[in-house]
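**Student:** Attaching a single structure in structure tokens format; questions to follow.
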Amino acid sequence: MKLCNICHKISATDQDHLDCIQRRNIELGDEDFKNKIPERLNLSKNTQDLGVEVRAILEHLSRDKDSSDES
């Protein structure tokens with residue numbers, strides 16, 4: 001038995017908990033993804049070059065925000 005290096009709880013094996021390892025990998029992956037979003041979209045250059053799907057999502061989000069602001 002030893003302590004998990006991630007959650008600092010007792011581990012029955014001599015390794016970190018598998019769910020702690022997976023959660024850490026997901027969090028690190030999500031952080032990398034968040035940092036790459038502006039690079040992928042390149043919103044600062046030209047919004048007309050965005051795909052139809054992306055423009056539709058952005059318009060939908062802006063409408064939802066506007067309607068919630070009016071309430």
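Ordered as shown in the structure tokens, chains take letters A, B, and onward, while each chain numbers its residues from 1 and ligands are numbered from 1 in the order shown.
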Which neighbours of Gln15 in chain A fall inside 9 Å, counting only C-alpha atoms, when residues of the same chain fewer than 5 positions from it are skipped, and could you give them as a ChimeraX atom specification?
**Tutor:** /A:1-5
